[in-house]
Every structure is written in structure tokens, then in C-alpha cells.
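*Asks:* Got final.cif for you, mmCIF, C-alpha atoms and all ligand atoms:
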data_structure
loop_
_atom_site.label_atom_id
_atom_site.label_comp_id
_atom_site.auth_asym_id
_atom_site.auth_seq_id
_atom_site.Cartn_x
_atom_site.Cartn_y
_atom_site.Cartn_z
CA MET A 85 29.41 -3.69 1.95
CA GLN A 86 26.85 -1.98 -0.31
CA ILE A 87 23.26 -2.78 0.67
CA PRO A 88 20.44 -1.11 -1.24
CA LEU A 89 17.03 -0.50 0.32
CA LEU A 90 15.61 -2.85 -2.29
CA ASP A 91 17.41 -5.01 -4.83
CA LEU A 92 15.04 -5.77 -7.68
CA LYS A 93 17.91 -7.10 -9.80
CA ALA A 94 18.44 -9.89 -7.26
CA GLN A 95 14.79 -10.93 -7.62
CA TYR A 96 14.84 -10.59 -11.41
CA ALA A 97 17.88 -12.85 -11.68
CA THR A 98 15.85 -15.71 -10.17
CA ILE A 99 12.89 -15.41 -12.58
CA LYS A 100 14.37 -13.74 -15.65
CA ASP A 101 13.69 -16.57 -18.10
CA GLU A 102 10.08 -16.90 -16.98
CA ILE A 103 9.47 -13.15 -17.24
CA LEU A 104 11.01 -12.91 -20.69
CA ALA A 105 8.93 -15.85 -21.90
CA ALA A 106 5.73 -14.35 -20.50
CA VAL A 107 6.40 -10.92 -22.01
CA SER A 108 7.30 -12.53 -25.31
CA GLU A 109 4.01 -14.46 -25.28
CA VAL A 110 2.08 -11.19 -25.02
CA LEU A 111 4.16 -9.60 -27.76
CA GLU A 112 3.71 -12.57 -30.06
CA SER A 113 -0.05 -12.52 -29.49
CA GLN A 114 -0.19 -8.75 -30.06
CA ARG A 115 -3.06 -8.58 -27.55
CA CYS A 116 -1.61 -5.30 -26.34
CA ILE A 117 -4.72 -4.09 -24.50
CA GLY A 118 -6.73 -6.27 -22.09
CA GLY A 119 -6.86 -9.92 -23.12
CA PRO A 120 -6.39 -13.25 -21.34
CA LYS A 121 -3.43 -12.29 -19.13
CA VAL A 122 -5.36 -9.48 -17.48
CA ALA A 123 -8.40 -11.74 -17.00
CA GLU A 124 -6.25 -14.53 -15.55
CA LEU A 125 -4.55 -12.19 -13.12
CA GLU A 126 -7.91 -10.81 -12.01
CA GLU A 127 -9.16 -14.31 -11.34
CA LYS A 128 -6.05 -15.20 -9.35
CA VAL A 129 -6.18 -12.00 -7.31
CA THR A 130 -9.81 -12.65 -6.38
CA ALA A 131 -8.71 -16.05 -5.10
CA ILE A 132 -5.79 -14.79 -2.99
CA SER A 133 -7.92 -11.93 -1.63
CA ASP A 134 -11.03 -13.94 -0.78
CA CYS A 135 -13.07 -11.59 -2.97
CA LYS A 136 -15.58 -12.35 -5.70
CA PHE A 137 -14.52 -9.71 -8.22
CA ALA A 138 -11.36 -7.95 -9.37
CA VAL A 139 -10.65 -5.21 -11.88
CA GLY A 140 -7.09 -4.78 -13.11
CA VAL A 141 -6.12 -1.12 -13.40
CA SER A 142 -3.17 1.01 -14.41
CA SER A 143 -1.83 1.71 -10.89
CA GLY A 144 -2.68 1.69 -7.22
CA THR A 145 -3.47 5.36 -7.59
CA ASP A 146 -6.00 4.65 -10.32
CA ALA A 147 -7.46 1.84 -8.23
CA ILE A 148 -8.29 4.42 -5.56
CA LEU A 149 -9.46 7.06 -8.03
CA ASN A 150 -11.68 4.62 -9.91
CA SER A 151 -13.14 3.39 -6.60
CA LEU A 152 -14.03 6.92 -5.53
CA MET A 153 -15.50 7.78 -8.94
CA SER A 154 -17.47 4.52 -9.12
CA LEU A 155 -18.91 5.17 -5.67
CA ASP A 156 -20.01 8.61 -6.99
CA ILE A 157 -17.85 10.42 -4.47
CA GLY A 158 -16.99 13.91 -5.62
CA THR A 159 -17.64 17.60 -5.13
CA GLY A 160 -19.19 18.43 -1.78
CA ASP A 161 -18.38 15.05 -0.26
CA GLU A 162 -15.95 14.26 2.54
CA VAL A 163 -13.72 11.22 2.90
CA ILE A 164 -12.07 10.39 6.21
CA THR A 165 -8.51 9.11 6.08
CA THR A 166 -5.09 9.20 7.70
CA PRO A 167 -2.52 11.91 7.10
CA PHE A 168 0.32 9.40 7.56
CA THR A 169 0.28 7.69 4.18
CA PHE A 170 1.68 7.84 0.69
CA PHE A 171 0.44 10.92 -1.15
CA ALA A 172 -1.82 8.97 -3.53
CA THR A 173 -4.37 8.12 -0.81
CA VAL A 174 -5.18 11.75 -0.19
CA GLY A 175 -4.33 13.00 -3.68
CA CYS A 176 -7.08 10.80 -5.14
CA ILE A 177 -9.70 12.13 -2.73
CA ALA A 178 -8.81 15.66 -3.81
CA ARG A 179 -8.71 14.73 -7.51
CA ALA A 180 -12.18 13.20 -7.25
CA GLY A 181 -13.30 16.64 -6.04
CA ALA A 182 -13.99 15.55 -2.46
CA LYS A 183 -12.56 16.94 0.77
CA PRO A 184 -10.02 14.84 2.67
CA VAL A 185 -10.82 14.85 6.38
CA PHE A 186 -7.98 13.61 8.54
CA VAL A 187 -7.84 11.72 11.79
CA ASP A 188 -4.64 10.82 13.56
CA ILE A 189 -2.93 7.43 13.73
CA ASP A 190 -2.42 4.85 16.41
CA PRO A 191 1.26 5.46 17.26
CA LYS A 192 1.92 1.74 17.64
CA THR A 193 0.67 0.50 14.27
CA PHE A 194 0.90 3.79 12.28
CA ASN A 195 -2.64 3.06 11.04
CA ILE A 196 -5.75 5.23 11.38
CA SER A 197 -7.04 5.38 14.94
CA PRO A 198 -10.66 4.11 14.81
CA GLN A 199 -11.83 5.90 17.95
CA LEU A 200 -11.05 9.27 16.36
CA ILE A 201 -13.24 8.67 13.31
CA GLU A 202 -16.77 9.13 14.61
CA PRO A 203 -16.33 12.69 15.96
CA VAL A 204 -15.39 14.01 12.49
CA ILE A 205 -18.32 12.43 10.63
CA THR A 206 -20.68 15.02 9.14
CA ASP A 207 -23.67 14.80 6.83
CA LYS A 208 -21.18 15.22 3.96
CA THR A 209 -19.09 12.19 4.88
CA LYS A 210 -19.36 9.50 2.22
CA ALA A 211 -16.49 7.12 2.96
CA ILE A 212 -13.68 6.08 5.24
CA MET A 213 -10.36 5.22 3.63
CA PRO A 214 -8.12 3.26 6.00
CA VAL A 215 -4.58 2.55 4.77
CA HIS A 216 -2.95 -0.74 5.68
CA LEU A 217 0.44 0.83 6.15
CA PHE A 218 3.76 -0.97 5.75
CA GLY A 219 1.93 -4.29 5.17
CA GLN A 220 -0.15 -4.39 8.35
CA MET A 221 -3.91 -3.99 8.19
CA ALA A 222 -5.78 -1.27 10.06
CA ASP A 223 -8.08 -2.19 12.95
CA MET A 224 -11.00 -3.03 10.66
CA ASP A 225 -13.71 -4.21 13.10
CA PRO A 226 -14.37 -0.83 14.73
CA ILE A 227 -13.95 0.92 11.36
CA MET A 228 -16.63 -1.30 9.77
CA GLU A 229 -18.90 -0.83 12.78
CA ILE A 230 -18.73 2.95 12.42
CA ALA A 231 -19.14 2.74 8.63
CA ASN A 232 -22.20 0.50 8.91
CA LYS A 233 -23.76 2.68 11.59
CA HIS A 234 -23.38 5.80 9.41
CA ASN A 235 -23.94 4.11 6.06
CA LEU A 236 -20.47 4.96 4.74
CA ALA A 237 -18.41 3.18 2.11
CA VAL A 238 -15.03 1.81 3.16
CA ILE A 239 -12.22 1.99 0.63
CA GLU A 240 -9.29 -0.09 1.85
CA ASP A 241 -6.02 1.35 0.61
CA ALA A 242 -4.32 -2.04 0.58
CA ALA A 243 -1.53 -0.93 -1.78
CA GLN A 244 1.11 -2.23 0.64
CA SER A 245 -0.63 -5.28 2.05
CA ILE A 246 -1.86 -7.73 -0.59
CA THR A 247 -2.73 -11.19 0.87
CA ARG A 248 -2.27 -10.09 4.48
CA THR A 249 -4.86 -10.62 7.15
CA TYR A 250 -6.80 -9.09 10.02
CA LYS A 251 -8.46 -11.71 12.23
CA GLY A 252 -7.94 -14.17 9.41
CA ARG A 253 -9.66 -11.94 6.81
CA LYS A 254 -7.77 -10.79 3.76
CA ALA A 255 -6.78 -7.21 2.94
CA GLY A 256 -9.31 -5.77 0.53
CA SER A 257 -12.09 -8.21 1.45
CA ILE A 258 -13.57 -6.40 4.45
CA GLY A 259 -14.48 -2.96 3.13
CA THR A 260 -16.64 -1.98 0.17
CA VAL A 261 -13.57 -2.15 -2.09
CA GLY A 262 -9.88 -2.89 -1.71
CA CYS A 263 -7.14 -1.24 -3.76
CA PHE A 264 -3.81 -2.89 -4.55
CA SER A 265 -0.68 -1.45 -6.14
CA PHE A 266 1.77 -3.43 -8.27
CA PHE A 267 4.39 -0.67 -8.22
CA PRO A 268 7.72 -2.51 -8.64
CA SER A 269 8.78 -2.01 -5.01
CA LYS A 270 5.60 -3.64 -3.68
CA ASN A 271 5.70 -7.24 -2.44
CA LEU A 272 3.91 -8.22 -5.61
CA GLY A 273 5.47 -5.71 -7.96
CA GLY A 274 5.22 -5.52 -11.74
CA ILE A 275 7.84 -4.49 -14.25
CA GLY A 276 6.19 -1.07 -14.37
CA ASP A 277 2.97 0.41 -13.03
CA GLY A 278 -0.15 -1.60 -12.29
CA GLY A 279 -2.93 -2.03 -9.76
CA MET A 280 -6.11 -3.94 -8.94
CA ILE A 281 -9.45 -3.29 -7.26
CA VAL A 282 -11.27 -6.09 -5.45
CA THR A 283 -14.83 -6.17 -4.20
CA ASN A 284 -17.65 -8.53 -3.26
CA ASP A 285 -20.32 -6.17 -4.58
CA GLU A 286 -21.37 -7.21 -8.09
CA GLN A 287 -23.08 -3.95 -8.97
CA LEU A 288 -20.03 -1.97 -7.93
CA TYR A 289 -17.81 -4.36 -9.88
CA ASP A 290 -19.80 -3.62 -13.05
CA ARG A 291 -19.31 0.08 -12.53
CA LEU A 292 -15.58 -0.23 -11.75
CA PHE A 293 -15.20 -2.32 -14.88
CA ILE A 294 -16.94 0.22 -17.09
CA MET A 295 -15.17 3.18 -15.50
CA ARG A 296 -11.80 1.58 -16.26
CA ASN A 297 -12.55 2.21 -19.93
CA HIS A 298 -13.92 5.77 -19.97
CA GLY A 299 -17.27 4.76 -18.53
CA GLY A 300 -18.51 3.46 -21.89
CA LYS A 301 -20.90 0.53 -22.29
CA PRO A 302 -21.58 -0.47 -24.97
CA LYS A 303 -18.45 0.89 -26.60
CA TYR A 304 -18.78 4.58 -27.57
CA TYR A 305 -21.93 5.02 -25.47
CA HIS A 306 -21.10 6.71 -22.17
CA SER A 307 -23.43 6.84 -19.20
CA TYR A 308 -20.49 7.88 -17.01
CA VAL A 309 -17.23 9.79 -17.31
CA GLY A 310 -14.51 7.31 -16.46
CA GLY A 311 -10.86 7.18 -17.43
CA ASN A 312 -8.21 5.11 -19.11
CA PHE A 313 -7.47 3.00 -16.05
CA ARG A 314 -6.58 -0.18 -17.96
CA LEU A 315 -3.97 -2.66 -16.75
CA ASP A 316 -1.23 -3.34 -19.33
CA PRO A 317 -1.23 -7.05 -20.31
CA ILE A 318 2.58 -7.09 -20.21
CA GLN A 319 2.33 -6.14 -16.54
CA ALA A 320 -0.33 -8.81 -16.00
CA ALA A 321 1.93 -11.42 -17.64
CA ALA A 322 4.90 -10.50 -15.43
CA LEU A 323 2.70 -10.46 -12.32
CA LEU A 324 1.37 -13.93 -13.17
CA VAL A 325 4.97 -15.16 -13.17
CA LYS A 326 5.66 -13.54 -9.81
CA LEU A 327 2.44 -14.48 -8.04
CA PRO A 328 3.41 -18.11 -7.22
CA TYR A 329 6.52 -16.79 -5.44
CA LEU A 330 4.69 -14.24 -3.32
CA ASN A 331 4.24 -16.41 -0.24
CA GLU A 332 7.87 -17.51 -0.29
CA TRP A 333 9.02 -13.88 -0.63
CA SER A 334 6.68 -12.77 2.15
CA GLU A 335 7.99 -15.49 4.45
CA ALA A 336 11.57 -14.41 3.73
CA ARG A 337 10.62 -10.84 4.67
CA ARG A 338 9.10 -12.09 7.89
CA ARG A 339 12.25 -14.06 8.70
CA ASN A 340 14.35 -10.97 8.00
CA ALA A 341 12.15 -8.91 10.30
CA ALA A 342 12.49 -11.50 13.07
CA TYR A 343 16.26 -11.42 12.60
CA TYR A 344 16.37 -7.63 12.97
CA ASN A 345 13.94 -7.73 15.90
CA GLU A 346 16.31 -9.95 17.78
CA LYS A 347 19.28 -7.69 17.01
CA PHE A 348 17.43 -4.59 18.15
CA ALA A 349 15.90 -6.11 21.29
CA GLY A 350 16.76 -4.10 24.40
CA THR A 351 18.26 -1.18 22.42
CA VAL A 352 16.96 2.33 21.72
CA VAL A 353 15.71 1.14 18.33
CA GLN A 354 11.95 0.70 18.44
CA ILE A 355 11.01 -2.28 16.29
CA PRO A 356 7.71 -2.51 14.35
CA TYR A 357 4.71 -3.32 16.52
CA ILE A 358 2.55 -6.06 15.07
CA ASN A 359 -1.05 -6.27 16.25
CA ALA A 360 -1.83 -9.81 17.44
CA ASP A 361 -4.89 -9.78 15.12
CA CYS A 362 -2.72 -9.17 12.05
CA VAL A 363 -0.28 -11.01 9.84
CA THR A 364 1.91 -8.41 8.13
CA ILE A 365 3.68 -8.62 4.80
CA TYR A 366 6.50 -6.22 5.83
CA ASN A 367 6.23 -4.17 2.70
CA GLN A 368 8.50 -1.97 4.80
CA TYR A 369 10.39 -2.66 8.00
CA CYS A 370 10.03 0.67 9.79
CA ILE A 371 11.82 1.34 13.03
CA ARG A 372 11.64 4.45 15.18
CA VAL A 373 14.90 5.97 16.27
CA PRO A 374 15.97 9.12 18.11
CA ARG A 375 17.98 11.61 15.97
CA ARG A 376 16.54 9.86 12.95
CA ASP A 377 17.98 12.20 10.31
CA GLU A 378 21.50 11.66 11.67
CA VAL A 379 20.95 7.89 11.54
CA VAL A 380 19.91 8.24 7.89
CA ALA A 381 23.07 10.19 7.09
CA HIS A 382 25.18 7.62 8.92
CA LEU A 383 23.62 4.65 7.09
CA ARG A 384 23.95 6.34 3.71
CA GLU A 385 27.57 7.19 4.39
CA LYS A 386 28.13 3.47 5.03
CA ASN A 387 26.36 2.61 1.73
CA ILE A 388 23.27 1.21 3.39
CA GLY A 389 20.00 2.13 1.73
CA CYS A 390 17.20 3.42 3.90
CA GLU A 391 14.14 5.59 3.39
CA ILE A 392 11.76 7.81 5.28
CA TYR A 393 8.15 6.78 4.73
CA TYR A 394 6.88 9.55 4.99
CA PRO A 395 8.67 12.75 5.91
CA VAL A 396 5.67 15.10 5.58
CA PRO A 397 2.17 14.05 6.69
CA ALA A 398 -0.53 14.87 4.16
CA HIS A 399 -2.16 17.62 6.23
CA LEU A 400 1.10 19.62 6.09
CA GLN A 401 1.64 19.22 2.33
CA GLU A 402 1.62 22.58 0.58
CA CYS A 403 -1.02 21.49 -1.93
CA PHE A 404 -3.46 20.81 0.92
CA SER A 405 -2.94 24.15 2.66
CA TYR A 406 -6.47 25.08 1.51
CA LEU A 407 -7.76 22.59 4.08
CA GLY A 408 -6.50 24.91 6.80
CA CYS A 409 -4.62 22.31 8.83
CA LYS A 410 -1.60 23.32 10.85
CA GLU A 411 1.32 21.76 12.68
CA GLY A 412 0.12 20.16 15.90
CA ASP A 413 -3.27 19.09 14.49
CA PHE A 414 -2.26 15.41 14.19
CA PRO A 415 0.61 15.01 16.64
CA GLU A 416 1.09 11.25 16.31
CA SER A 417 1.40 11.47 12.53
CA GLU A 418 3.81 14.37 12.86
CA LYS A 419 5.89 12.51 15.45
CA ALA A 420 5.99 9.40 13.26
CA ALA A 421 7.12 11.49 10.29
CA LYS A 422 10.09 12.66 12.38
CA GLU A 423 11.05 9.26 13.78
CA VAL A 424 10.35 6.47 11.28
CA LEU A 425 13.05 4.87 9.22
CA ALA A 426 12.70 1.96 6.78
CA LEU A 427 15.59 -0.50 6.61
CA PRO A 428 16.29 -3.02 3.83
CA ILE A 429 13.94 -6.00 4.26
CA TYR A 430 13.82 -7.54 0.78
CA PRO A 431 13.79 -11.36 0.61
CA GLU A 432 17.25 -11.84 -0.92
CA LEU A 433 19.13 -10.22 2.00
CA SER A 434 21.79 -12.50 3.45
CA ASP A 435 22.44 -12.83 7.19
CA GLU A 436 25.72 -11.03 6.67
CA MET A 437 23.88 -8.11 5.09
CA LYS A 438 21.30 -7.99 7.89
CA ASP A 439 24.09 -8.06 10.49
CA CYS A 440 25.73 -5.16 8.71
CA VAL A 441 22.47 -3.13 8.60
CA ALA A 442 21.70 -3.80 12.26
CA GLU A 443 25.22 -3.19 13.50
CA THR A 444 25.65 0.01 11.50
CA THR A 445 22.33 1.31 12.83
CA LEU A 446 23.21 0.37 16.40
CA SER A 447 26.75 1.72 16.17
CA PHE A 448 25.24 5.19 15.69
CA CYS A 449 22.31 4.83 18.07
CA SER A 450 24.45 3.57 20.94
CA ASN A 451 26.75 6.60 20.76
C1 LIG B 1 -0.38 3.46 0.65
C2 LIG B 1 -0.32 3.63 -0.83
N1 LIG B 1 -1.40 4.07 -1.48
C3 LIG B 1 -1.39 4.21 -2.81
C4 LIG B 1 -0.28 3.94 -3.56
C5 LIG B 1 -0.31 4.21 -5.01
O1 LIG B 1 0.05 3.12 -5.80
P1 LIG B 1 0.76 3.33 -7.22
O2 LIG B 1 2.15 3.81 -6.99
O3 LIG B 1 0.69 1.97 -7.83
O4 LIG B 1 -0.05 4.31 -7.98
C6 LIG B 1 0.87 3.48 -2.92
C7 LIG B 1 2.08 3.08 -3.67
O5 LIG B 1 2.95 3.69 -4.06
C8 LIG B 1 0.87 3.33 -1.52
O6 LIG B 1 1.95 2.91 -0.86
#
Rewrite the coordinates I just gave you, this time as C-alpha cells.

*Replies:*
Amino acid sequence: MQIPLLDLKAQYATIKDEILAAVSEVLESQRCIGGPKVAELEEKVTAISDCKFAVGVSSGTDAILNSLMSLDIGTGDEVITTPFTFFATVGCIARAGAKPVFVDIDPKTFNISPQLIEPVITDKTKAIMPVHLFGQMADMDPIMEIANKHNLAVIEDAAQSITRTYKGRKAGSIGTVGCFSFFPSKNLGGIGDGGMIVTNDEQLYDRLFIMRNHGGKPKYYHSYVGGNFRLDPIQAAALLVKLPYLNEWSEARRRNAAYYNEKFAGTVVQIPYINADCVTIYNQYCIRVPRRDEVVAHLREKNIGCEIYYPVPAHLQECFSYLGCKEGDFPESEKAAKEVLALPIYPELSDEMKDCVAETTLSFCSN
């Protein structure tokens, strides 16, 4: 049996006619930049995120970069984040000109460990950027408490966790801003790149909005240097088709996770830990296994897709060597990078496919 890590063709087959009609509507209108589809998506994302304002942008990466720029975070500033994340989180801090300052993760949730944040705050710290990894939100209460005490912005990297909750509160609605990605592999994925920023701060919203279009307002008059961070209306149209299915797809992912959890119970496979305060979206289903790289080779040999999110923590990336971090500085992140393994979790998986994934994994691990 051939089981990919993610089968976007299976999803597309169920909504193909709707997507083609929506794309065609944009093409017929020739509103190729901005327009009603982008505005409608923004409105709908504010509703599902319990936020007042949303700004559609070109990617999750640009959501983060625009947020940093709009908060005037740049040269000489420090932003505290986790080293165990997708590159974009940290890359954007560096691109904004600021210094990424790392703290280690909670080994259970893989998210930033709040109790390690306060000791690294300096008079240069401007923001904390928690990442809601694999679809589960970070422990936001203590993070917000620290941020409020030190007057810091909180940029939620919610790229992997749209609509999910922490103590009943939606991803992106707790911090100063929340950043979503519509990269095709995300739970709400476009047919190309896309992203969104949400906030409840009207003044910040105005700035994010202006910065999306080179910082000009009125047109051709620039008080700020922004970028071309605009969301493509074709992406907005496709996302509007997909949005009504998001809950159903998320539920299917949760059912798949429960299925695997049962299969792996009592084995050496460590299943994802879900904080009782959180509802996860299972953007990834990440297990921990001993001899992880051999398990990967075994699964691939049996035509089962799997992925390592993420093999190198940010503090050990070559491009950040100037920060002076070394192996051993963030042991939990380094350990996670050696042990995690994402298995197929997409909604269209059949029971037979899940059995095959679980049994193939276990057949190696039990040896
Ligand atoms: C945690 C995290 N942050 C940021 C991003 C960047 O999003 P994008 O790929 O849409 O630029 C991603 C997605 O790839 C992500 O997973």
C-alpha cells in the first residue's frame, strides 16, 4: 500500500468543481489584486478567530514579518522565541533586523516553556513570539502575564493552529497579533501561498493594512517602508471554498489521531501529549520514537510517507551561528529534533491505511 504523508489530490477531488468555479469567478472579474474575495475571507477569518480585524497577506512568513515591522521591531531589538519551530519564525525576526533570543521547549507539548522566558528578558526585549506547534497552542496565560508585566508585544505564530483553542480562546486572539499560514499543507491550505494576520488592536490593524502595500497611504505617499505582502484573490477564493469544510476536516484528523493513539498505547511509541487546556487541530501527528532515523527509513521503504519536523533546531542553523549558540544550549529542543516523527494524519485516510501506518511503525519499533 502506498500512503503519502499528505494527499492533497484526495481533498481536491471532493471540492474540484467548487474551486474551479471560484477561481473562474475571479478570472472573469479580472480583480486580480485585492477585491471582494480578499475582504470576504478577512471577515470570515475574524469570525472564526474571535478577533476584530484581519489582514490577508501573501504567506505566513509575511504575516510574521509584517507584524514585526508594524510593531516597529528592528535593529537593536530582541525577540524571544523557541528554537524548535519552522525556520520562518526565526528567519523573520532576523530579517526585521532584530536578534532572536531562544528559550527551550516544554518536552511534552514541544511549545515554548513559559518559565524560561523571564530570565532572558533584557531592556532590549520588545516581543515574545510563541509558536503553536503541530496545531496545539502554547501555554498562553503565563506568557501573557510576563508580557504584560514587562510591556512586551506577543506575536502568536499560529501558522499551524487556525481555529484551535487554549482555555476556550482562539489561536491568534490572545496576543497582540496572530499569524496564520495558508500554505497548501496547512489544515486550511490554499492552492498556493497565502497568510493572514489577526488582531483586536485597531491602530495596529491600520498599520498592518498599510504595510501590506508598501506602507503607502494615500497611494504613493509613504510614511513607512512596508512591502508587497498582498494576498492573491485567487487564493482567497479557493480558501473561501475550503473554509466551510475546515471543522469537518479537523474532526477527521482528531479521529485519526485517536485511532493511532489506541494502536500505539502501551508500546515504545510516544503519542502526542495534548494539554487539557487545549483543543488541537493536529496539523501534524508527531510521535517520538527511539532510533527515529531507522524508523523513517523503514517507513519509506514500505512506501509510507513521514517527515521530520524539524531536524535542526534554529539555534544550530548555520545562518544563525552569529548568535553564538552551541549544541547543548537548548537540550529539549535538540532531543525533540532527534526523536520526533510525523505520520500521515490527513482527513481522507482510511482505517486500512491507518492500520498499515501503525503496524509498519510498530513492526520496526518492536524489533
Ligand atoms: C510554525 C510556522 N511558522 C511560519 C510558517 C510560514 O508560513 P508560510 O509557509 O505560509 O510562509 C509556517 C509554515 O510553513 C509554520 O509552520

*Asks:* Find the distance between CA of Pro356 in chain A and atom C8 of ligand LIG 1 (chain B) and write it in Å to one decimal.

*Replies:* 18.2 Å

*Asks:* Record the distance separating CA of Asp101 in chain A and CA of Phe266 in chain A, expressed in Å with one decimal.

*Replies:*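 Going from CA of Asp101 in chain A over to CA of Phe266 in chain A covers 20.3 Å.
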
*Asks:* Edge lengths and centre, in Å to one decimal, as lines of an AutoDock Vina configuration file: that's what I need for the box along x, y and z that holds all listed atoms of range 236-254 of chain A plus 4 Å on each side.

*Replies:*
center_x = -9.7
center_y = -4.6
center_z = 5.2
size_x = 29.6
size_y = 27.1
size_z = 22.0

*Asks:* Do you have the CA of Phe264 in chain A-CA of Val204 in chain A distance handy?

*Replies:* 26.6 Å

*Asks:* With distances taken over all atoms listed in the file, which residue among A:Ile246, A:Leu407, A:Leu315, A:Val215 lies nearest Val129 in chain A?

*Replies:*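 Of all the options, A:Ile246 lies closest to Val129 in chain A.
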
*Asks:* List all protein, DNA and RNA residues that have at least one atom no more than 7 Å from any atom of ligand LIG 1 (chain B), counting all atoms listed in the file, and write them as a list in words.

*Replies:*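 The residues within 7 Å of ligand LIG 1 (chain B), counting all atoms listed in the file, are Ser143, Gly144, Thr145, Asp146, Thr169, Phe170, Ala172, Thr173, Val215, Leu217, Asp241, Ala242, Ala243, Gln244, Ser265, Phe266, Phe267, Asp277, Gly278 and Gly279 of chain A.
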
*Asks:* List as a count of residues only the protein and nucleic acid residues near Glu416 in chain A, meaning an atom at most 9 Å away when only C-alpha atoms are counted, but skip any in the same chain fewer than 6 places from it.

*Replies:* 6

*Asks:* Which one of A:Leu111, A:Val373, A:Leu89, A:Leu400 sits closest to Asp316 in chain A if you count all atoms listed in the file?

*Replies:*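 Among A:Leu111, A:Val373, A:Leu89, A:Leu400, it is A:Leu111 that comes nearest to Asp316 in chain A.
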
*Asks:* May I have the protein, DNA and RNA residues with an atom at most 12 Å from (-8.6, -2.2, -4.4), counting all atoms listed in the file in the file's coordinates, returned as a PyMOL selection string?

*Replies:* chain A and resi 126+129-130+133+135+137-152+173+213-216+238-247+254-266+278-284+288-289+292

*Asks:* Could you tell me which of A:Val187, A:Ala421, A:Ile318, A:Ala341 comes closest to Ile117 in chain A if we count all atoms listed in the file?

*Replies:* A:Ile318

*Asks:* What's around Lys121 in chain A at 6 Å? Count all atoms listed in the file, leave out sequence neighbours fewer than 3 positions away in its own chain, and write the answer as a list in words.

*Replies:* Glu124, Pro317, Ala320 and Ala321 of chain A

*Asks:* Could you check which of A:Asn297, A:Thr159, A:Gln86, A:Thr364 is closest to Glu385 in chain A, using all atoms listed in the file?

*Replies:*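 Closest to Glu385 in chain A, using all atoms listed in the file: A:Gln86.
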
*Asks:* Within 10 Å of Leu236 in chain A, counting all atoms listed in the file, which residues qualify if same-chain residues fewer than 2 places away don't, as a list in words?

*Replies:*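 Listed by chain and then number, they are Val163, Ile205, Thr209, Lys210, Ala211, Ile212, Met228, Ile230, Ala231, Asn232, Lys233, His234, Val238, Ile239 and Thr260 of chain A.
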
*Asks:* Using all atoms listed in the file for the distances, tell me which of A:Arg376, A:Leu427, A:Ala322, A:Lys347 is nearest to Glu109 in chain A.

*Replies:* A:Ala322

*Asks:* Find, counting only C-alpha atoms, the residue in A:Cys390, A:Val107, A:Val185, A:Ala222 that gets nearest to Arg253 in chain A.

*Replies:* A:Ala222

*Asks:* Could you pull the residues within 9 Å of Val352 in chain A, counting only C-alpha atoms, minus those fewer than 4 positions along the same chain, as a list of chain:residue names?

*Replies:*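 With the cut-off at 9 Å, the set is A:Phe348, A:Arg372, A:Val373, A:Pro374, A:Leu446, A:Cys449, A:Ser450.
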
*Asks:* Counting all atoms listed in the file, which residues come within 6 Å of (-0.7, -13.6, 8.1), with the point read in the file's coordinates, and could you list them as a PyMOL selection string?

*Replies:* chain A and resi 248-249+363-364

*Asks:* Using only C-alpha atoms, determine which residues lie at most 7 Å from range 325-329 of chain A, disregarding the query and same-chain residues fewer than 2 positions distant; provide the list as an mmCIF file with C-alpha atoms, keeping the file's coordinate frame.

*Replies:*
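Output file part_34.cif is given in full below:
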data_model
loop_
_atom_site.group_PDB
_atom_site.id
_atom_site.type_symbol
_atom_site.label_atom_id
_atom_site.label_comp_id
_atom_site.auth_asym_id
_atom_site.auth_seq_id
_atom_site.Cartn_x
_atom_site.Cartn_y
_atom_site.Cartn_z
ATOM 1 C CA GLU A 102 10.080 -16.900 -16.980
ATOM 2 C CA ILE A 103 9.470 -13.150 -17.240
ATOM 3 C CA LEU A 272 3.910 -8.220 -5.610
ATOM 4 C CA ALA A 321 1.930 -11.420 -17.640
ATOM 5 C CA ALA A 322 4.900 -10.500 -15.430
ATOM 6 C CA LEU A 323 2.700 -10.460 -12.320
ATOM 7 C CA ASN A 331 4.240 -16.410 -0.240
ATOM 8 C CA GLU A 332 7.870 -17.510 -0.290
ATOM 9 C CA TRP A 333 9.020 -13.880 -0.630
#
